[in-house]
Amino acid sequence: MGGKLTIAQLQLKANTMRQDVVRMLKAAGSGHTAGSMGMADILAALYFDILNIDPKNPNWSERDVFFLSNGHTVPIQYAAMAEAGYFDKEELLSLRKLGSRLQGHPERTKLPGLENTSGPLGSGLSQAAGFAYSLQYLDDSKHRFVYTIMGDGELDEGNVWEAAMFAGKYKLSQLIAFVDRNNIQIDGNTEDVMPLGDLRGKWETFGWHVIEIDGNNIKSIIDAVNLAKAITNRPTMIIANTIPGRGVDFMEYDYKWHGVAPNGDQAESALNELGIAAAKIKIKGMSL
Amino acid sequence: MSQYDLNPDIYNDNVKQEPIRAGFGRGLKKAGELNDKVVALCADLTESTQVGLFRDAFPDRFIQVGIAEQNLVTVASGFAAAGKIPFASSYAAFNPGRNWEQIKTTAALNDQPVKVVASHAGIGVGPDGATHQMLEDIALMRVMPNMVVIVPGDSVEAEKATLAIAKNGKPSYLRLARPATPVFSTEDSPFEIGKAYVLKGGTDVSLIGTGALTYQLLVASKILSDWGINAEVVHVPTIKPLDNDTIIDSVRRTGRAITAEEAQIAGGLGGAVAELLGDNLPSPLMRIGMQDRFGESGAPEELFDYFGLTGEHIANRVQEFVNNKPQYHRDY
């Protein structure tokens with residue numbers, strides 16, 4: 001596993017993963033760009049700092065478990081997994097193609113290292129809760145943690161709130177969930193499509209500890225998870241405010257990038273911008 | 001064809017009757033005794049689904065999820081991911097009626113051994129009426145890849161089926177009924193997932209049934225024998241994977257087939273047998289069950305009578321069928 005990466009190194013991982021996502025989606029010709037880019041920092045923090053995992057032994061019985069609930073953002077998870085060594089990076093370009101293990105939405109049975117099959121929204125939190133219940137009450141396995149990420153638009157789904165009640169009732173303290181709060185969904189801004197309102201208040205009244213962070217700040221993400229681990233009588237919801245399309249100027253904040261892939265010119269422009277950002281991170285990292 | 005061990009009292013008025021779901025309750029407790037990975041989840045219907053027996057024996061392995069059937073199966077999927085064998089139980093109208101997509105994505109496609117247990121299926125729910133009379137579930141679950149679908153014929157078989165799916169390592173659907181149902185099998189009768197059983201040999205027509213309707217076919221066959229019609233009775237407790245060989249062999253012998261189920265004839269057992277025979281042995285076929293309509297309130301026995309699902313009604317329809325449809329033969 002090696003030593004801990006520095007924040008600058010983690011930022012570079014996220015940058016690399018973003019570049020991989022641009023290449024993957026361009027090659028696939030379809031896919032969900034905005035959420036994948038916006039969640040890159042969370043996935044980098046998870047796969048390269050937070051999760052206790054062994055990419056060479058994906059079924060390691062003592063591993064932490066991560067359920068991606070908003071399965072349409074799986075390109076960023078594939079990029080993280082390849083970067084972590086679950087599979088060869090060349091395979092990333094097979095995304096969404098016939099015969100690929102990298103299905104358009106994640107399928108557990110196809111790719112070792114995936115913990116669930118998702119895409120239809122609203123079910124990842126329940127699965128994470130079932131796993132966390134098992135660890136907490138049946139296995140006496142207090143050192144393992146269960147993570148999930150949901151999109152904010154996903155919170156429209158009733159299944160989410162059924163799971164919220166369940167996890168609150170049973171005080172599933174090994175369950176740490178993220179909402180990718182990027183304020184967009186397919187038809188527009190979340191507050192126009194179906195207002196989510198006071199998210200902190202909603203989760204708190206369901207019995208959760210809530211932490212609100214800048215979800216594009218890797219140090220904040222790691223700090224929030226460390227705090228969540230210290231909360232032993234409740235599940236934790238980390239509301240991660242992210243910028244959709246983060247890292248590419250013409251994608252940021254624009255809901256139209258939710259469900260489309262960059263074309264050749266757009267990909268080239270995006271990769272240029274990300275390349276410059278990577279150079280800046282390196283220079284800054286050296287000066288620290 | 002080995003002799004099936006039938007309850008010798010099946011044609012007596014005092015034949016033992018028991019809700020099919022009661023066998024599930026016993027089987028689940030036994031499964032819990034045999035394997036500490038078995039857990040049971042319930043959605044605020046613990047007593048009527050018969051999960052109470054398990055809860056009382058293994059309170060730590062009983063999980064109450066409240067009236068939330070989508071959560072019921074998706075939490076169960078999480079338990080399965082953690083190495084458990086979760087039985088997720090509610091009424092068929094809600095499970096799989098309410099949560100079919102969750103079952104498909106997080107159990108079937110995800111290949112987790114979630115056991116979806118649907119109590120109170122069919123019109124046998126009685127007075128609760130059409131909202132609670134799940135009649136589409138056999139069709140819904142049968143079309144789902146990677147799903148095992150079992151509809152036990154009585155409580156004794158339900159207990160065996162419960163123990164069998166606890167061990168099969170696959171996402172599985174178990175359909176149960178509410179009312180007291182005559183017990184036609186015995187402790188010694190065989191049950192294996194994927195097997196159909198010839199309960200009574202015959203030469204004139206194959207009566208192919210599942211669930212509570214198999215007993216009604218036995219009653220019908222007895223009436224028919226008085227009328228000079230020698231009907232074979234085939235019990236199909238596993239709808240998927242279907243025992244193609246046993247069904248085809250039977251219809252090859254008799255040349256005609258009738259299916260019977262407490263469910264919509266479209267897509268259910270009738271649909272499955274129609275597909276099988278259409279592909280392999282086109283034969284005169286009649287499907288008995290719900291004819292593309294909803295149920296309604298009434299006592300279970302009144303509803304069985306009203307919808308023509310009793311042995312007497314079925315015997316009349318079989319006689320008419322046999323008198324009007326030729327037997328399939330090779331030159332047909």
# chains A, B, ... in the order shown; residues from 1 in each chain; ligands from 1

$ interface_residues --of "chain A" --to "chain B" --cutoff "10 Å" --atoms "only C-alpha atoms" --output "PyMOL selection string"
chain A and resi 61+65+67+106-110+115-135+137-139+158-167+169-170

$ write_last_selection --atoms "N, CA and C atoms" --output "short mmCIF file (atom, residue, chain, number, x, y, z; two decimals), in the first residue's frame"
data_model
loop_
_atom_site.label_atom_id
_atom_site.label_comp_id
_atom_site.auth_asym_id
_atom_site.auth_seq_id
_atom_site.Cartn_x
_atom_site.Cartn_y
_atom_site.Cartn_z
N SER A 61 -11.02 -9.91 2.34
CA SER A 61 -12.18 -9.97 3.24
C SER A 61 -12.21 -8.83 4.25
N VAL A 65 -15.62 -0.99 1.80
CA VAL A 65 -16.50 -1.24 0.67
C VAL A 65 -17.06 0.09 0.16
N PHE A 67 -19.84 1.63 -2.51
CA PHE A 67 -20.97 1.43 -3.43
C PHE A 67 -21.21 2.73 -4.19
N PRO A 106 -22.13 0.54 -14.10
CA PRO A 106 -21.26 -0.50 -13.53
C PRO A 106 -21.99 -1.82 -13.25
N GLU A 107 -21.33 -2.90 -13.60
CA GLU A 107 -21.86 -4.24 -13.30
C GLU A 107 -20.83 -5.02 -12.51
N ARG A 108 -21.21 -5.33 -11.29
CA ARG A 108 -20.31 -6.01 -10.37
C ARG A 108 -19.75 -7.31 -10.94
N THR A 109 -20.62 -8.05 -11.61
CA THR A 109 -20.19 -9.38 -12.06
C THR A 109 -19.20 -9.30 -13.22
N LYS A 110 -19.11 -8.13 -13.85
CA LYS A 110 -18.22 -8.01 -15.00
C LYS A 110 -16.80 -7.63 -14.62
N GLU A 115 -18.30 -3.21 -6.34
CA GLU A 115 -19.04 -3.84 -5.25
C GLU A 115 -20.52 -3.98 -5.55
N ASN A 116 -21.01 -3.26 -6.54
CA ASN A 116 -22.44 -3.35 -6.84
C ASN A 116 -22.70 -3.02 -8.30
N THR A 117 -23.92 -3.30 -8.69
CA THR A 117 -24.42 -2.98 -10.01
C THR A 117 -25.39 -1.82 -9.83
N SER A 118 -25.17 -0.73 -10.52
CA SER A 118 -26.05 0.42 -10.30
C SER A 118 -26.24 1.20 -11.58
N GLY A 119 -27.14 2.14 -11.51
CA GLY A 119 -27.52 2.93 -12.68
C GLY A 119 -28.91 3.47 -12.42
N PRO A 120 -29.90 2.58 -12.31
CA PRO A 120 -31.20 3.04 -11.81
C PRO A 120 -30.98 3.67 -10.43
N LEU A 121 -31.43 4.89 -10.24
CA LEU A 121 -30.98 5.65 -9.07
C LEU A 121 -31.74 5.30 -7.80
N GLY A 122 -31.08 5.53 -6.69
CA GLY A 122 -31.76 5.47 -5.40
C GLY A 122 -31.49 4.23 -4.58
N SER A 123 -30.69 3.30 -5.08
CA SER A 123 -30.55 2.01 -4.38
C SER A 123 -29.20 1.78 -3.72
N GLY A 124 -28.25 2.63 -4.00
CA GLY A 124 -26.91 2.40 -3.46
C GLY A 124 -26.84 2.60 -1.95
N LEU A 125 -27.57 3.59 -1.45
CA LEU A 125 -27.54 3.84 -0.01
C LEU A 125 -28.11 2.64 0.75
N SER A 126 -29.16 2.04 0.22
CA SER A 126 -29.74 0.86 0.86
C SER A 126 -28.74 -0.29 0.91
N GLN A 127 -28.05 -0.49 -0.20
CA GLN A 127 -27.09 -1.60 -0.22
C GLN A 127 -25.95 -1.33 0.77
N ALA A 128 -25.49 -0.09 0.79
CA ALA A 128 -24.44 0.27 1.74
C ALA A 128 -24.95 0.08 3.17
N ALA A 129 -26.21 0.43 3.40
CA ALA A 129 -26.78 0.29 4.74
C ALA A 129 -26.88 -1.18 5.14
N GLY A 130 -27.29 -2.02 4.21
CA GLY A 130 -27.37 -3.46 4.52
C GLY A 130 -26.00 -4.01 4.88
N PHE A 131 -24.99 -3.59 4.12
CA PHE A 131 -23.62 -4.05 4.39
C PHE A 131 -23.16 -3.52 5.75
N ALA A 132 -23.43 -2.25 6.00
CA ALA A 132 -22.98 -1.65 7.26
C ALA A 132 -23.68 -2.28 8.46
N TYR A 133 -24.97 -2.59 8.30
CA TYR A 133 -25.70 -3.28 9.37
C TYR A 133 -25.02 -4.61 9.68
N SER A 134 -24.69 -5.29 8.63
CA SER A 134 -24.06 -6.60 8.77
C SER A 134 -22.75 -6.48 9.55
N LEU A 135 -21.93 -5.51 9.20
CA LEU A 135 -20.64 -5.31 9.88
C LEU A 135 -20.86 -4.95 11.35
N TYR A 137 -23.67 -5.23 13.40
CA TYR A 137 -24.49 -6.03 14.32
C TYR A 137 -24.26 -7.54 14.20
N LEU A 138 -23.80 -8.01 13.05
CA LEU A 138 -23.69 -9.46 12.87
C LEU A 138 -22.25 -9.94 12.89
N ASP A 139 -21.34 -9.14 12.36
CA ASP A 139 -19.97 -9.61 12.20
C ASP A 139 -19.03 -9.05 13.26
N GLY A 158 -37.57 8.03 -3.94
CA GLY A 158 -38.09 7.65 -2.64
C GLY A 158 -37.26 6.60 -1.92
N ASN A 159 -36.66 5.71 -2.68
CA ASN A 159 -35.83 4.65 -2.11
C ASN A 159 -34.73 5.23 -1.20
N VAL A 160 -34.22 6.41 -1.59
CA VAL A 160 -33.16 7.05 -0.81
C VAL A 160 -33.64 7.33 0.61
N TRP A 161 -34.86 7.82 0.72
CA TRP A 161 -35.35 8.25 2.03
C TRP A 161 -35.79 7.05 2.87
N GLU A 162 -36.17 5.98 2.20
CA GLU A 162 -36.40 4.73 2.94
C GLU A 162 -35.09 4.28 3.60
N ALA A 163 -34.03 4.38 2.83
CA ALA A 163 -32.71 3.99 3.36
C ALA A 163 -32.24 4.97 4.43
N ALA A 164 -32.56 6.23 4.25
CA ALA A 164 -32.16 7.24 5.23
C ALA A 164 -32.79 6.93 6.59
N MET A 165 -34.07 6.56 6.57
CA MET A 165 -34.75 6.19 7.82
C MET A 165 -34.13 4.95 8.44
N PHE A 166 -33.87 3.98 7.59
CA PHE A 166 -33.32 2.70 8.05
C PHE A 166 -31.97 2.91 8.73
N ALA A 167 -31.08 3.63 8.06
CA ALA A 167 -29.73 3.85 8.61
C ALA A 167 -29.79 4.68 9.88
N LYS A 169 -32.41 4.80 12.02
CA LYS A 169 -32.97 3.96 13.09
C LYS A 169 -31.89 3.08 13.72
N TYR A 170 -31.10 2.44 12.87
CA TYR A 170 -30.13 1.47 13.38
C TYR A 170 -28.77 2.09 13.69
#

$ residues_around --residues "region 184-198 of chain B" --least-positions-apart "3" --cutoff "7 Å" --atoms "only C-alpha atoms" --output "PyMOL selection string"
chain B and resi 4-7+10+154+156-157+160+201+215+233-238+240-243+246

$ write_last_selection --atoms "C-alpha atoms" --output "mmCIF file, in the first residue's frame"
data_model
loop_
_atom_site.group_PDB
_atom_site.id
_atom_site.type_symbol
_atom_site.label_atom_id
_atom_site.label_comp_id
_atom_site.auth_asym_id
_atom_site.auth_seq_id
_atom_site.Cartn_x
_atom_site.Cartn_y
_atom_site.Cartn_z
ATOM 1 C CA TYR B 4 -44.801 -39.549 -6.501
ATOM 2 C CA ASP B 5 -45.627 -39.951 -2.818
ATOM 3 C CA LEU B 6 -49.128 -38.434 -2.581
ATOM 4 C CA ASN B 7 -50.936 -37.802 0.669
ATOM 5 C CA ILE B 10 -56.209 -36.038 -0.597
ATOM 6 C CA ASP B 154 -48.667 -26.833 -0.401
ATOM 7 C CA VAL B 156 -45.011 -29.204 3.114
ATOM 8 C CA GLU B 157 -43.438 -28.410 -0.218
ATOM 9 C CA LYS B 160 -38.644 -27.895 1.378
ATOM 10 C CA GLY B 201 -50.299 -40.829 -14.786
ATOM 11 C CA TYR B 215 -54.546 -29.725 -5.738
ATOM 12 C CA VAL B 233 -51.519 -34.436 -13.450
ATOM 13 C CA VAL B 234 -48.158 -32.676 -13.576
ATOM 14 C CA HIS B 235 -47.085 -30.438 -10.714
ATOM 15 C CA VAL B 236 -44.676 -27.634 -11.642
ATOM 16 C CA PRO B 237 -43.375 -26.017 -8.447
ATOM 17 C CA THR B 238 -40.411 -24.471 -10.257
ATOM 18 C CA LYS B 240 -37.956 -21.145 -13.713
ATOM 19 C CA PRO B 241 -35.871 -23.020 -14.631
ATOM 20 C CA LEU B 242 -38.777 -24.912 -16.164
ATOM 21 C CA ASP B 243 -38.525 -28.705 -16.287
ATOM 22 C CA THR B 246 -40.988 -33.676 -17.847
#

$ residues_around --residues "region 290-294 of chain B" --least-positions-apart "2" --cutoff "10 Å" --atoms "only C-alpha atoms" --output "PyMOL selection string"
chain B and resi 122-123+129-131+133-136+260-266+287-288+296+307-309

$ closest_residue --among "B:Ala274, B:Ile239, B:Ala315, B:Val125" --to "Leu218 (chain B)" --atoms "only C-alpha atoms"
B:Ala315

$ residues_around --residues "Gly259 (chain A)" --least-positions-apart "3" --cutoff "7 Å" --atoms "only C-alpha atoms" --output "count of residues only"
4
